[in-house]
Amino acid sequence: MFSRILVANRGEIALRIIRTCRELGVESVAVYSEADRDAAYLQLADEAICIGPAPAGESYLNIPRIISAAEVADVQAIHPGYGFLAENTHFAEICRSCKIEFIGPSVESMKMLGSKLASRNLARQCQVPLTPGSDGPVKSEKEAVEVARKIGYPVIIKASGGGGGRGMRVAHNDISLKGSLKAAQAEAEAAFKDSTVFIEKYHEEPRHVEVQILGDKYGKVIHLFERDCTIQRRHQKLIEESPCPVIDDETRRELCASAVRLANAAGYYSAATVEFIMDKQKKFYFLEVNTRIQVEHPVTEEVTGQDIIQWQLRIASGEKLDLDQQDARCNGAAIECRINVEDPERGFVPCPGVLEEFAVPGGPGVRVDTHAHQNYRIGPNYDSMIGKLIVHRPTREQAIATMRRALEEFRAGPVKTTIPLHRQIMSDQDFQQARVDTGWLERTRKMG
Ligand code: MV4
């Protein structure tokens, strides 16, 4: 095991990683920008190094400054968290060249799975269900129309270098397809420096289900079951839960086994999430792989009792994954609500400010992962999530009841947050009956 690692991130995920380091007896080196100078969680790290001004490009995204901090602090490894450099293959390569262990997958796995088309091809080879579509890039309108007529409208155009919904366009006929193709290619070029796009049959009103994967450096891959992340707004997840409330055990087994086959084929190690779309007939189709720890990992930690960050450190240090698949269990039900400082009544506009009031809930089955505290100043520089409220109870009904009680207790102000919206959703019959899809939230609530 490492003696000291650098945490190349901020906020709740930095604190999450520091906590696991303290339990493992691993010294942690935090990095912070000038905007985070007063963040209380920095005191829990063994060392804290200022890496620059507030803008992420001059701090948390600045590879030379992070590597310099790692060299000065003489760490053996770096944990990138999520966001920032977590899926930056260039950063992972530089860590490797500096002989600093990147706590994540190999550069090769990150590259392969970071390309939508390459990962789709790998999925096809592993008999992972794929949405019917173009088996490669679509370059011309003629090609696009041919594919669309073969698979049937509506279709969706996706950027191969994209993710999280960026660069996606839905087309319902030849005219709209021709009009969207050029725009999608231009947007992909601008956003990802790669204009490659492909086409899939569009699943209307799907659910979003993903499988947590763990792999070690000796070829062993297991899953830690699935998470349902269907409650989203513009590709931003708001609520996640495990297990998925609408699939049976046979579907769960097939879903998780396909994710393991894909990770095995990629020679994957560390933590990853294999994302799927699920249609109304409960058929699932591969979407993409996220080669990082995800915001919603606590939901899986609660139902399985596994510390996923600890597994990442142990695997990165060369330990074998001594957890067998038949010993992994999904017990009870867990739900996570993301606490963002945004105003849902005003289009989720970010609302930075001082948390003059901040009192988190507790009691049986309640977990709060947050770096925030009373009088904490939330600046405009980084994303608006200040924490996550997670509950874990024996049944989904009990988890919803506990979440409602915990949300009632949660005090955060005077800034606007997503807490009132979560209170509404937890009381909503559609949510309670799991009669939702990825567009439900925006269809049923005025989003300002
Ligand atoms: C789709 C889809 C419907 N049909 N692909 C959104 C981002 C990326 N994860 C892929 N996404 C989608 N791909 C086909 N063939 C609908 C979405 C989608 C979505 C997926 C998951 C979670 C939220 C979503 C919100 C809008 C669209």
# chains A, B, ... in the order shown; residues from 1 in each chain; ligands from 1
call {"tool": "residues_around", "arguments": {"residues": "Phe410 (chain A)", "least_positions_apart": "6", "cutoff": "10 Å", "atoms": "only C-alpha atoms", "output": "list in words"}}
result
Glu357, Phe358, Ala359, Val360, Pro361, Gly362, Leu389, Arg404, Ile419 and Pro420 of chain A
call {"tool": "residues_near_ligand", "arguments": {"ligand": "ligand 1", "cutoff": "9 Å", "atoms": "only C-alpha atoms and all ligand atoms", "output": "PDB file with N, CA and C atoms, in the first residue's frame"}}
result
ATOM      1  N   LEU A 130     -26.413  -3.952 -28.247  1.00  0.00           N
ATOM      2  CA  LEU A 130     -26.195  -2.612 -28.785  1.00  0.00           C
ATOM      3  C   LEU A 130     -27.468  -2.125 -29.440  1.00  0.00           C
ATOM      4  N   THR A 131     -27.736  -0.823 -29.321  1.00  0.00           N
ATOM      5  CA  THR A 131     -28.853  -0.265 -30.075  1.00  0.00           C
ATOM      6  C   THR A 131     -28.552  -0.371 -31.574  1.00  0.00           C
ATOM      7  N   PRO A 132     -29.522  -0.812 -32.385  1.00  0.00           N
ATOM      8  CA  PRO A 132     -29.283  -0.854 -33.841  1.00  0.00           C
ATOM      9  C   PRO A 132     -28.828   0.523 -34.328  1.00  0.00           C
ATOM     10  N   GLY A 133     -27.854   0.541 -35.225  1.00  0.00           N
ATOM     11  CA  GLY A 133     -27.372   1.837 -35.720  1.00  0.00           C
ATOM     12  C   GLY A 133     -26.287   1.649 -36.743  1.00  0.00           C
ATOM     13  N   VAL A 155     -34.138   8.601 -35.045  1.00  0.00           N
ATOM     14  CA  VAL A 155     -32.748   8.190 -34.819  1.00  0.00           C
ATOM     15  C   VAL A 155     -32.057   9.293 -34.024  1.00  0.00           C
ATOM     16  N   ILE A 156     -30.903   8.949 -33.449  1.00  0.00           N
ATOM     17  CA  ILE A 156     -30.129   9.929 -32.685  1.00  0.00           C
ATOM     18  C   ILE A 156     -28.719   9.965 -33.255  1.00  0.00           C
ATOM     19  N   ILE A 157     -28.202  11.155 -33.461  1.00  0.00           N
ATOM     20  CA  ILE A 157     -26.823  11.331 -33.926  1.00  0.00           C
ATOM     21  C   ILE A 157     -25.961  11.577 -32.685  1.00  0.00           C
ATOM     22  N   LYS A 158     -24.845  10.848 -32.565  1.00  0.00           N
ATOM     23  CA  LYS A 158     -23.992  11.001 -31.377  1.00  0.00           C
ATOM     24  C   LYS A 158     -22.546  11.240 -31.813  1.00  0.00           C
ATOM     25  N   GLY A 162     -17.787  12.176 -27.721  1.00  0.00           N
ATOM     26  CA  GLY A 162     -18.667  12.878 -26.767  1.00  0.00           C
ATOM     27  C   GLY A 162     -18.941  12.091 -25.512  1.00  0.00           C
ATOM     28  N   GLY A 163     -19.797  12.624 -24.705  1.00  0.00           N
ATOM     29  CA  GLY A 163     -20.217  11.940 -23.475  1.00  0.00           C
ATOM     30  C   GLY A 163     -21.241  12.833 -22.796  1.00  0.00           C
ATOM     31  N   GLY A 164     -22.012  12.180 -21.911  1.00  0.00           N
ATOM     32  CA  GLY A 164     -22.956  12.966 -21.111  1.00  0.00           C
ATOM     33  C   GLY A 164     -23.934  13.767 -21.949  1.00  0.00           C
ATOM     34  N   GLY A 165     -24.205  13.318 -23.169  1.00  0.00           N
ATOM     35  CA  GLY A 165     -25.281  13.967 -23.924  1.00  0.00           C
ATOM     36  C   GLY A 165     -24.813  15.092 -24.800  1.00  0.00           C
ATOM     37  N   ARG A 166     -23.553  15.513 -24.659  1.00  0.00           N
ATOM     38  CA  ARG A 166     -23.086  16.637 -25.489  1.00  0.00           C
ATOM     39  C   ARG A 166     -22.989  16.191 -26.947  1.00  0.00           C
ATOM     40  N   MET A 168     -25.404  15.522 -28.984  1.00  0.00           N
ATOM     41  CA  MET A 168     -26.444  14.573 -29.434  1.00  0.00           C
ATOM     42  C   MET A 168     -27.568  15.325 -30.123  1.00  0.00           C
ATOM     43  N   VAL A 170     -31.530  14.445 -32.090  1.00  0.00           N
ATOM     44  CA  VAL A 170     -32.524  13.453 -32.493  1.00  0.00           C
ATOM     45  C   VAL A 170     -33.135  13.912 -33.818  1.00  0.00           C
ATOM     46  N   ILE A 199     -24.796   6.985 -35.757  1.00  0.00           N
ATOM     47  CA  ILE A 199     -26.257   7.056 -35.618  1.00  0.00           C
ATOM     48  C   ILE A 199     -26.777   5.817 -34.896  1.00  0.00           C
ATOM     49  N   GLU A 200     -27.759   6.006 -34.040  1.00  0.00           N
ATOM     50  CA  GLU A 200     -28.436   4.879 -33.371  1.00  0.00           C
ATOM     51  C   GLU A 200     -29.945   5.072 -33.472  1.00  0.00           C
ATOM     52  N   LYS A 201     -30.667   3.974 -33.353  1.00  0.00           N
ATOM     53  CA  LYS A 201     -32.128   4.049 -33.226  1.00  0.00           C
ATOM     54  C   LYS A 201     -32.403   4.802 -31.925  1.00  0.00           C
ATOM     55  N   TYR A 202     -33.341   5.753 -31.908  1.00  0.00           N
ATOM     56  CA  TYR A 202     -33.601   6.542 -30.698  1.00  0.00           C
ATOM     57  C   TYR A 202     -34.648   5.830 -29.842  1.00  0.00           C
ATOM     58  N   HIS A 203     -34.266   5.563 -28.583  1.00  0.00           N
ATOM     59  CA  HIS A 203     -35.212   4.948 -27.636  1.00  0.00           C
ATOM     60  C   HIS A 203     -35.972   6.080 -26.958  1.00  0.00           C
ATOM     61  N   GLU A 204     -37.279   6.119 -27.131  1.00  0.00           N
ATOM     62  CA  GLU A 204     -38.062   7.198 -26.523  1.00  0.00           C
ATOM     63  C   GLU A 204     -38.388   6.839 -25.080  1.00  0.00           C
ATOM     64  N   GLU A 205     -38.223   7.785 -24.193  1.00  0.00           N
ATOM     65  CA  GLU A 205     -38.569   7.654 -22.763  1.00  0.00           C
ATOM     66  C   GLU A 205     -37.884   6.438 -22.109  1.00  0.00           C
ATOM     67  N   PRO A 206     -36.560   6.359 -22.229  1.00  0.00           N
ATOM     68  CA  PRO A 206     -35.839   5.217 -21.631  1.00  0.00           C
ATOM     69  C   PRO A 206     -35.544   5.447 -20.152  1.00  0.00           C
ATOM     70  N   ARG A 207     -35.062   4.382 -19.501  1.00  0.00           N
ATOM     71  CA  ARG A 207     -34.440   4.532 -18.182  1.00  0.00           C
ATOM     72  C   ARG A 207     -32.925   4.490 -18.398  1.00  0.00           C
ATOM     73  N   HIS A 208     -32.200   5.002 -17.420  1.00  0.00           N
ATOM     74  CA  HIS A 208     -30.735   4.986 -17.486  1.00  0.00           C
ATOM     75  C   HIS A 208     -30.265   4.089 -16.361  1.00  0.00           C
ATOM     76  N   VAL A 209     -29.646   2.975 -16.701  1.00  0.00           N
ATOM     77  CA  VAL A 209     -29.162   2.028 -15.683  1.00  0.00           C
ATOM     78  C   VAL A 209     -27.669   1.805 -15.927  1.00  0.00           C
ATOM     79  N   CYS A 229     -30.241   5.628 -12.680  1.00  0.00           N
ATOM     80  CA  CYS A 229     -29.965   7.078 -12.636  1.00  0.00           C
ATOM     81  C   CYS A 229     -30.923   7.820 -13.561  1.00  0.00           C
ATOM     82  N   THR A 230     -32.167   7.391 -13.577  1.00  0.00           N
ATOM     83  CA  THR A 230     -33.122   7.892 -14.571  1.00  0.00           C
ATOM     84  C   THR A 230     -33.573   9.324 -14.302  1.00  0.00           C
ATOM     85  N   ILE A 231     -33.591   9.725 -13.024  1.00  0.00           N
ATOM     86  CA  ILE A 231     -34.054  11.092 -12.714  1.00  0.00           C
ATOM     87  C   ILE A 231     -32.912  12.066 -13.007  1.00  0.00           C
ATOM     88  N   GLN A 232     -33.009  12.696 -14.175  1.00  0.00           N
ATOM     89  CA  GLN A 232     -31.952  13.591 -14.638  1.00  0.00           C
ATOM     90  C   GLN A 232     -32.601  14.866 -15.187  1.00  0.00           C
ATOM     91  N   ARG A 233     -31.743  15.868 -15.320  1.00  0.00           N
ATOM     92  CA  ARG A 233     -32.183  17.063 -16.030  1.00  0.00           C
ATOM     93  C   ARG A 233     -31.067  17.467 -16.964  1.00  0.00           C
ATOM     94  N   ARG A 234     -31.330  17.521 -18.243  1.00  0.00           N
ATOM     95  CA  ARG A 234     -30.333  17.875 -19.259  1.00  0.00           C
ATOM     96  C   ARG A 234     -29.017  17.120 -19.011  1.00  0.00           C
ATOM     97  N   HIS A 235     -29.137  15.795 -18.853  1.00  0.00           N
ATOM     98  CA  HIS A 235     -27.984  14.897 -18.679  1.00  0.00           C
ATOM     99  C   HIS A 235     -27.262  15.094 -17.351  1.00  0.00           C
ATOM    100  N   GLN A 236     -27.825  15.913 -16.476  1.00  0.00           N
ATOM    101  CA  GLN A 236     -27.258  16.024 -15.124  1.00  0.00           C
ATOM    102  C   GLN A 236     -28.070  15.123 -14.198  1.00  0.00           C
ATOM    103  N   LYS A 237     -27.438  14.108 -13.627  1.00  0.00           N
ATOM    104  CA  LYS A 237     -28.151  13.230 -12.708  1.00  0.00           C
ATOM    105  C   LYS A 237     -28.537  13.995 -11.454  1.00  0.00           C
ATOM    106  N   GLU A 275     -22.524   2.103 -18.675  1.00  0.00           N
ATOM    107  CA  GLU A 275     -23.847   2.742 -18.751  1.00  0.00           C
ATOM    108  C   GLU A 275     -24.715   2.074 -19.818  1.00  0.00           C
ATOM    109  N   PHE A 276     -25.998   1.932 -19.500  1.00  0.00           N
ATOM    110  CA  PHE A 276     -26.972   1.360 -20.445  1.00  0.00           C
ATOM    111  C   PHE A 276     -28.224   2.230 -20.501  1.00  0.00           C
ATOM    112  N   ILE A 277     -28.879   2.123 -21.645  1.00  0.00           N
ATOM    113  CA  ILE A 277     -30.228   2.657 -21.792  1.00  0.00           C
ATOM    114  C   ILE A 277     -31.154   1.460 -21.655  1.00  0.00           C
ATOM    115  N   MET A 278     -32.326   1.632 -21.013  1.00  0.00           N
ATOM    116  CA  MET A 278     -33.270   0.511 -20.947  1.00  0.00           C
ATOM    117  C   MET A 278     -34.622   0.978 -21.483  1.00  0.00           C
ATOM    118  N   ASP A 279     -35.165   0.226 -22.434  1.00  0.00           N
ATOM    119  CA  ASP A 279     -36.430   0.665 -23.053  1.00  0.00           C
ATOM    120  C   ASP A 279     -37.630   0.141 -22.267  1.00  0.00           C
ATOM    121  N   TYR A 285     -29.493  -1.635 -23.561  1.00  0.00           N
ATOM    122  CA  TYR A 285     -28.553  -1.423 -24.662  1.00  0.00           C
ATOM    123  C   TYR A 285     -27.360  -0.613 -24.165  1.00  0.00           C
ATOM    124  N   PHE A 286     -26.168  -1.024 -24.579  1.00  0.00           N
ATOM    125  CA  PHE A 286     -24.935  -0.370 -24.141  1.00  0.00           C
ATOM    126  C   PHE A 286     -24.895   1.093 -24.582  1.00  0.00           C
ATOM    127  N   LEU A 287     -24.464   1.959 -23.681  1.00  0.00           N
ATOM    128  CA  LEU A 287     -24.280   3.379 -24.025  1.00  0.00           C
ATOM    129  C   LEU A 287     -22.799   3.738 -24.066  1.00  0.00           C
ATOM    130  N   GLU A 288     -22.139   3.664 -22.926  1.00  0.00           N
ATOM    131  CA  GLU A 288     -20.737   4.083 -22.826  1.00  0.00           C
ATOM    132  C   GLU A 288     -20.161   3.596 -21.506  1.00  0.00           C
ATOM    133  N   ASP A 437     -38.978   8.159 -16.604  1.00  0.00           N
ATOM    134  CA  ASP A 437     -37.985   7.927 -17.656  1.00  0.00           C
ATOM    135  C   ASP A 437     -37.068   9.144 -17.679  1.00  0.00           C
ATOM    136  N   THR A 438     -36.064   9.141 -18.542  1.00  0.00           N
ATOM    137  CA  THR A 438     -35.038  10.202 -18.479  1.00  0.00           C
ATOM    138  C   THR A 438     -35.610  11.589 -18.773  1.00  0.00           C
ATOM    139  N   GLY A 439     -36.782  11.641 -19.390  1.00  0.00           N
ATOM    140  CA  GLY A 439     -37.366  12.956 -19.695  1.00  0.00           C
ATOM    141  C   GLY A 439     -38.449  13.358 -18.697  1.00  0.00           C
TER     142      GLY A 439
END
call {"tool": "select_by_dssp", "arguments": {"residues": "region 69-256 of chain A", "states": "strand (DSSP E)", "output": "MDAnalysis selection string"}}
result
chainID A and resid 77:79 101:102 155:159 169:171 197:201 207:215 221:233 236:242
call {"tool": "closest_atom_pairs", "arguments": {"of": "region 110-156 of chain A", "to": "region 290-303 of chain A", "cutoff": "12 Å", "atoms": "only C-alpha atoms", "output": "JSON lines"}}
result
{"residue": "A:Met110", "atom": "CA", "partner": "A:Thr291", "partner_atom": "CA", "distance": 6.2}
{"residue": "A:Lys111", "atom": "CA", "partner": "A:Thr291", "partner_atom": "CA", "distance": 9.6}
{"residue": "A:Met112", "atom": "CA", "partner": "A:Thr291", "partner_atom": "CA", "distance": 10.2}
{"residue": "A:Leu113", "atom": "CA", "partner": "A:Thr291", "partner_atom": "CA", "distance": 7.4}
{"residue": "A:Gly114", "atom": "CA", "partner": "A:Asn290", "partner_atom": "CA", "distance": 7.7}
{"residue": "A:Ser115", "atom": "CA", "partner": "A:Asn290", "partner_atom": "CA", "distance": 10.6}
{"residue": "A:Lys116", "atom": "CA", "partner": "A:Asn290", "partner_atom": "CA", "distance": 10.6}
{"residue": "A:Ser119", "atom": "CA", "partner": "A:Asn290", "partner_atom": "CA", "distance": 10.8}
call {"tool": "residues_around", "arguments": {"residues": "Asp174 (chain A)", "least_positions_apart": "5", "cutoff": "10 Å", "atoms": "only C-alpha atoms", "output": "list in words"}}
result
Glu141, Lys142, Ala144, Val145, Glu146, Ala148, Arg149, Tyr153, Pro154, Gly179 and Ser180 of chain A
call {"tool": "write_last_selection", "arguments": {"atoms": "N, CA, C and O atoms", "output": "mmCIF file, in the first residue's frame"}}
result
data_model
loop_
_atom_site.group_PDB
_atom_site.id
_atom_site.type_symbol
_atom_site.label_atom_id
_atom_site.label_comp_id
_atom_site.auth_asym_id
_atom_site.auth_seq_id
_atom_site.Cartn_x
_atom_site.Cartn_y
_atom_site.Cartn_z
ATOM 1 N N GLU A 141 -24.547 12.866 -45.757
ATOM 2 C CA GLU A 141 -26.013 12.846 -45.596
ATOM 3 C C GLU A 141 -26.579 11.577 -46.243
ATOM 4 O O GLU A 141 -27.476 10.941 -45.684
ATOM 5 N N LYS A 142 -26.000 11.205 -47.389
ATOM 6 C CA LYS A 142 -26.497 10.001 -48.098
ATOM 7 C C LYS A 142 -26.366 8.768 -47.199
ATOM 8 O O LYS A 142 -27.315 8.005 -47.010
ATOM 9 N N ALA A 144 -26.098 8.726 -43.977
ATOM 10 C CA ALA A 144 -26.960 8.888 -42.789
ATOM 11 C C ALA A 144 -28.388 8.476 -43.120
ATOM 12 O O ALA A 144 -29.016 7.711 -42.384
ATOM 13 N N VAL A 145 -28.883 8.925 -44.262
ATOM 14 C CA VAL A 145 -30.267 8.602 -44.656
ATOM 15 C C VAL A 145 -30.418 7.097 -44.882
ATOM 16 O O VAL A 145 -31.396 6.482 -44.448
ATOM 17 N N GLU A 146 -29.404 6.482 -45.490
ATOM 18 C CA GLU A 146 -29.461 5.026 -45.718
ATOM 19 C C GLU A 146 -29.594 4.281 -44.380
ATOM 20 O O GLU A 146 -30.462 3.429 -44.197
ATOM 21 N N ALA A 148 -30.574 5.483 -41.452
ATOM 22 C CA ALA A 148 -31.829 5.825 -40.754
ATOM 23 C C ALA A 148 -32.999 5.050 -41.349
ATOM 24 O O ALA A 148 -33.868 4.552 -40.626
ATOM 25 N N ARG A 149 -33.026 4.928 -42.686
ATOM 26 C CA ARG A 149 -34.148 4.205 -43.319
ATOM 27 C C ARG A 149 -34.074 2.713 -42.996
ATOM 28 O O ARG A 149 -35.103 2.053 -42.841
ATOM 29 N N TYR A 153 -36.899 5.613 -38.240
ATOM 30 C CA TYR A 153 -36.905 6.836 -37.404
ATOM 31 C C TYR A 153 -37.742 6.588 -36.149
ATOM 32 O O TYR A 153 -38.570 5.683 -36.130
ATOM 33 N N PRO A 154 -37.545 7.359 -35.068
ATOM 34 C CA PRO A 154 -36.531 8.406 -34.907
ATOM 35 C C PRO A 154 -35.134 7.814 -34.683
ATOM 36 O O PRO A 154 -35.011 6.696 -34.181
ATOM 37 N N GLY A 179 -30.385 18.081 -41.908
ATOM 38 C CA GLY A 179 -30.118 19.373 -41.247
ATOM 39 C C GLY A 179 -29.283 19.196 -40.002
ATOM 40 O O GLY A 179 -28.370 19.965 -39.703
ATOM 41 N N SER A 180 -29.503 18.084 -39.277
ATOM 42 C CA SER A 180 -28.806 17.914 -37.982
ATOM 43 C C SER A 180 -27.387 17.394 -38.148
ATOM 44 O O SER A 180 -26.539 17.628 -37.303
#
call {"tool": "select_by_dssp", "arguments": {"residues": "region 24-164 of chain A", "states": "helix (DSSP H, G or I)", "output": "VMD selection string"}}
result
chain A and resid 24 34 to 36 40 to 44 56 to 58 63 to 73 89 to 97 107 to 114 116 to 125 141 to 151
call {"tool": "decode", "arguments": {"residues": "region 308-389 of chain A", "atoms": "C-alpha atoms", "output": "tab-separated table (two decimals), in the first residue's frame"}}
result
chain	number	residue	atom	x	y	z
A	308	ILE	CA	-14.96	1.52	-3.59
A	309	ILE	CA	-12.32	4.20	-3.01
A	310	GLN	CA	-10.43	1.75	-0.77
A	311	TRP	CA	-10.59	-0.87	-3.53
A	312	GLN	CA	-9.18	1.68	-5.98
A	313	LEU	CA	-6.19	2.36	-3.70
A	314	ARG	CA	-5.61	-1.35	-3.01
A	315	ILE	CA	-5.84	-2.29	-6.70
A	316	ALA	CA	-3.56	0.60	-7.75
A	317	SER	CA	-0.97	-0.54	-5.20
A	318	GLY	CA	-0.99	-4.00	-6.79
A	319	GLU	CA	-3.23	-5.93	-4.43
A	320	LYS	CA	-5.43	-8.73	-5.74
A	321	LEU	CA	-9.19	-8.20	-5.70
A	322	ASP	CA	-9.92	-10.76	-2.99
A	323	LEU	CA	-13.67	-10.31	-3.21
A	324	ASP	CA	-15.37	-13.06	-5.22
A	325	GLN	CA	-18.45	-12.40	-7.28
A	326	GLN	CA	-20.55	-14.88	-5.32
A	327	ASP	CA	-19.66	-13.04	-2.11
A	328	ALA	CA	-20.86	-9.64	-3.40
A	329	ARG	CA	-24.35	-8.84	-2.12
A	330	CYS	CA	-26.89	-6.12	-2.85
A	331	ASN	CA	-28.72	-5.68	0.48
A	332	GLY	CA	-31.75	-3.45	0.83
A	333	ALA	CA	-32.23	-0.25	-1.13
A	334	ALA	CA	-30.22	2.97	-1.28
A	335	ILE	CA	-31.18	6.34	-2.76
A	336	GLU	CA	-28.99	9.41	-3.30
A	337	CYS	CA	-30.18	13.01	-3.75
A	338	ARG	CA	-27.61	15.46	-5.09
A	339	ILE	CA	-27.65	18.72	-3.11
A	340	ASN	CA	-26.85	21.48	-5.57
A	341	VAL	CA	-26.88	25.20	-4.94
A	342	GLU	CA	-29.16	25.94	-7.87
A	343	ASP	CA	-32.62	27.41	-8.23
A	344	PRO	CA	-34.94	24.82	-9.88
A	345	GLU	CA	-37.54	27.58	-10.15
A	346	ARG	CA	-35.13	29.58	-12.32
A	347	GLY	CA	-33.81	26.96	-14.71
A	348	PHE	CA	-31.38	25.51	-12.13
A	349	VAL	CA	-29.27	28.65	-12.33
A	350	PRO	CA	-26.29	28.26	-9.95
A	351	CYS	CA	-26.73	30.29	-6.73
A	352	PRO	CA	-23.37	30.82	-5.04
A	353	GLY	CA	-23.35	32.44	-1.61
A	354	VAL	CA	-22.63	31.86	2.07
A	355	LEU	CA	-24.30	28.94	3.83
A	356	GLU	CA	-25.37	30.95	6.88
A	357	GLU	CA	-27.62	28.03	7.75
A	358	PHE	CA	-26.34	24.49	7.21
A	359	ALA	CA	-27.58	21.58	9.32
A	360	VAL	CA	-27.37	18.08	7.90
A	361	PRO	CA	-29.73	15.21	8.80
A	362	GLY	CA	-28.67	12.01	10.61
A	363	GLY	CA	-30.15	9.00	12.29
A	364	PRO	CA	-30.65	5.41	11.15
A	365	GLY	CA	-29.78	4.77	7.50
A	366	VAL	CA	-28.67	8.35	6.69
A	367	ARG	CA	-25.29	9.32	5.15
A	368	VAL	CA	-24.26	12.82	4.09
A	369	ASP	CA	-21.14	13.23	1.90
A	370	THR	CA	-20.36	16.94	1.91
A	371	HIS	CA	-17.41	19.29	2.36
A	372	ALA	CA	-19.76	22.15	3.19
A	373	HIS	CA	-20.41	23.50	6.69
A	374	GLN	CA	-22.11	26.48	8.31
A	375	ASN	CA	-20.74	29.81	7.00
A	376	TYR	CA	-19.01	27.99	4.12
A	377	ARG	CA	-18.79	30.30	1.09
A	378	ILE	CA	-19.79	28.66	-2.19
A	379	GLY	CA	-18.02	30.44	-5.01
A	380	PRO	CA	-18.96	30.67	-8.70
A	381	ASN	CA	-15.86	28.86	-9.92
A	382	TYR	CA	-16.82	25.20	-9.75
A	383	ASP	CA	-19.86	23.00	-10.19
A	384	SER	CA	-22.88	23.63	-8.01
A	385	MET	CA	-23.01	20.32	-6.13
A	386	ILE	CA	-22.19	20.85	-2.45
A	387	GLY	CA	-22.99	17.36	-1.25
A	388	LYS	CA	-25.02	14.20	-1.48
A	389	LEU	CA	-27.70	12.87	0.85
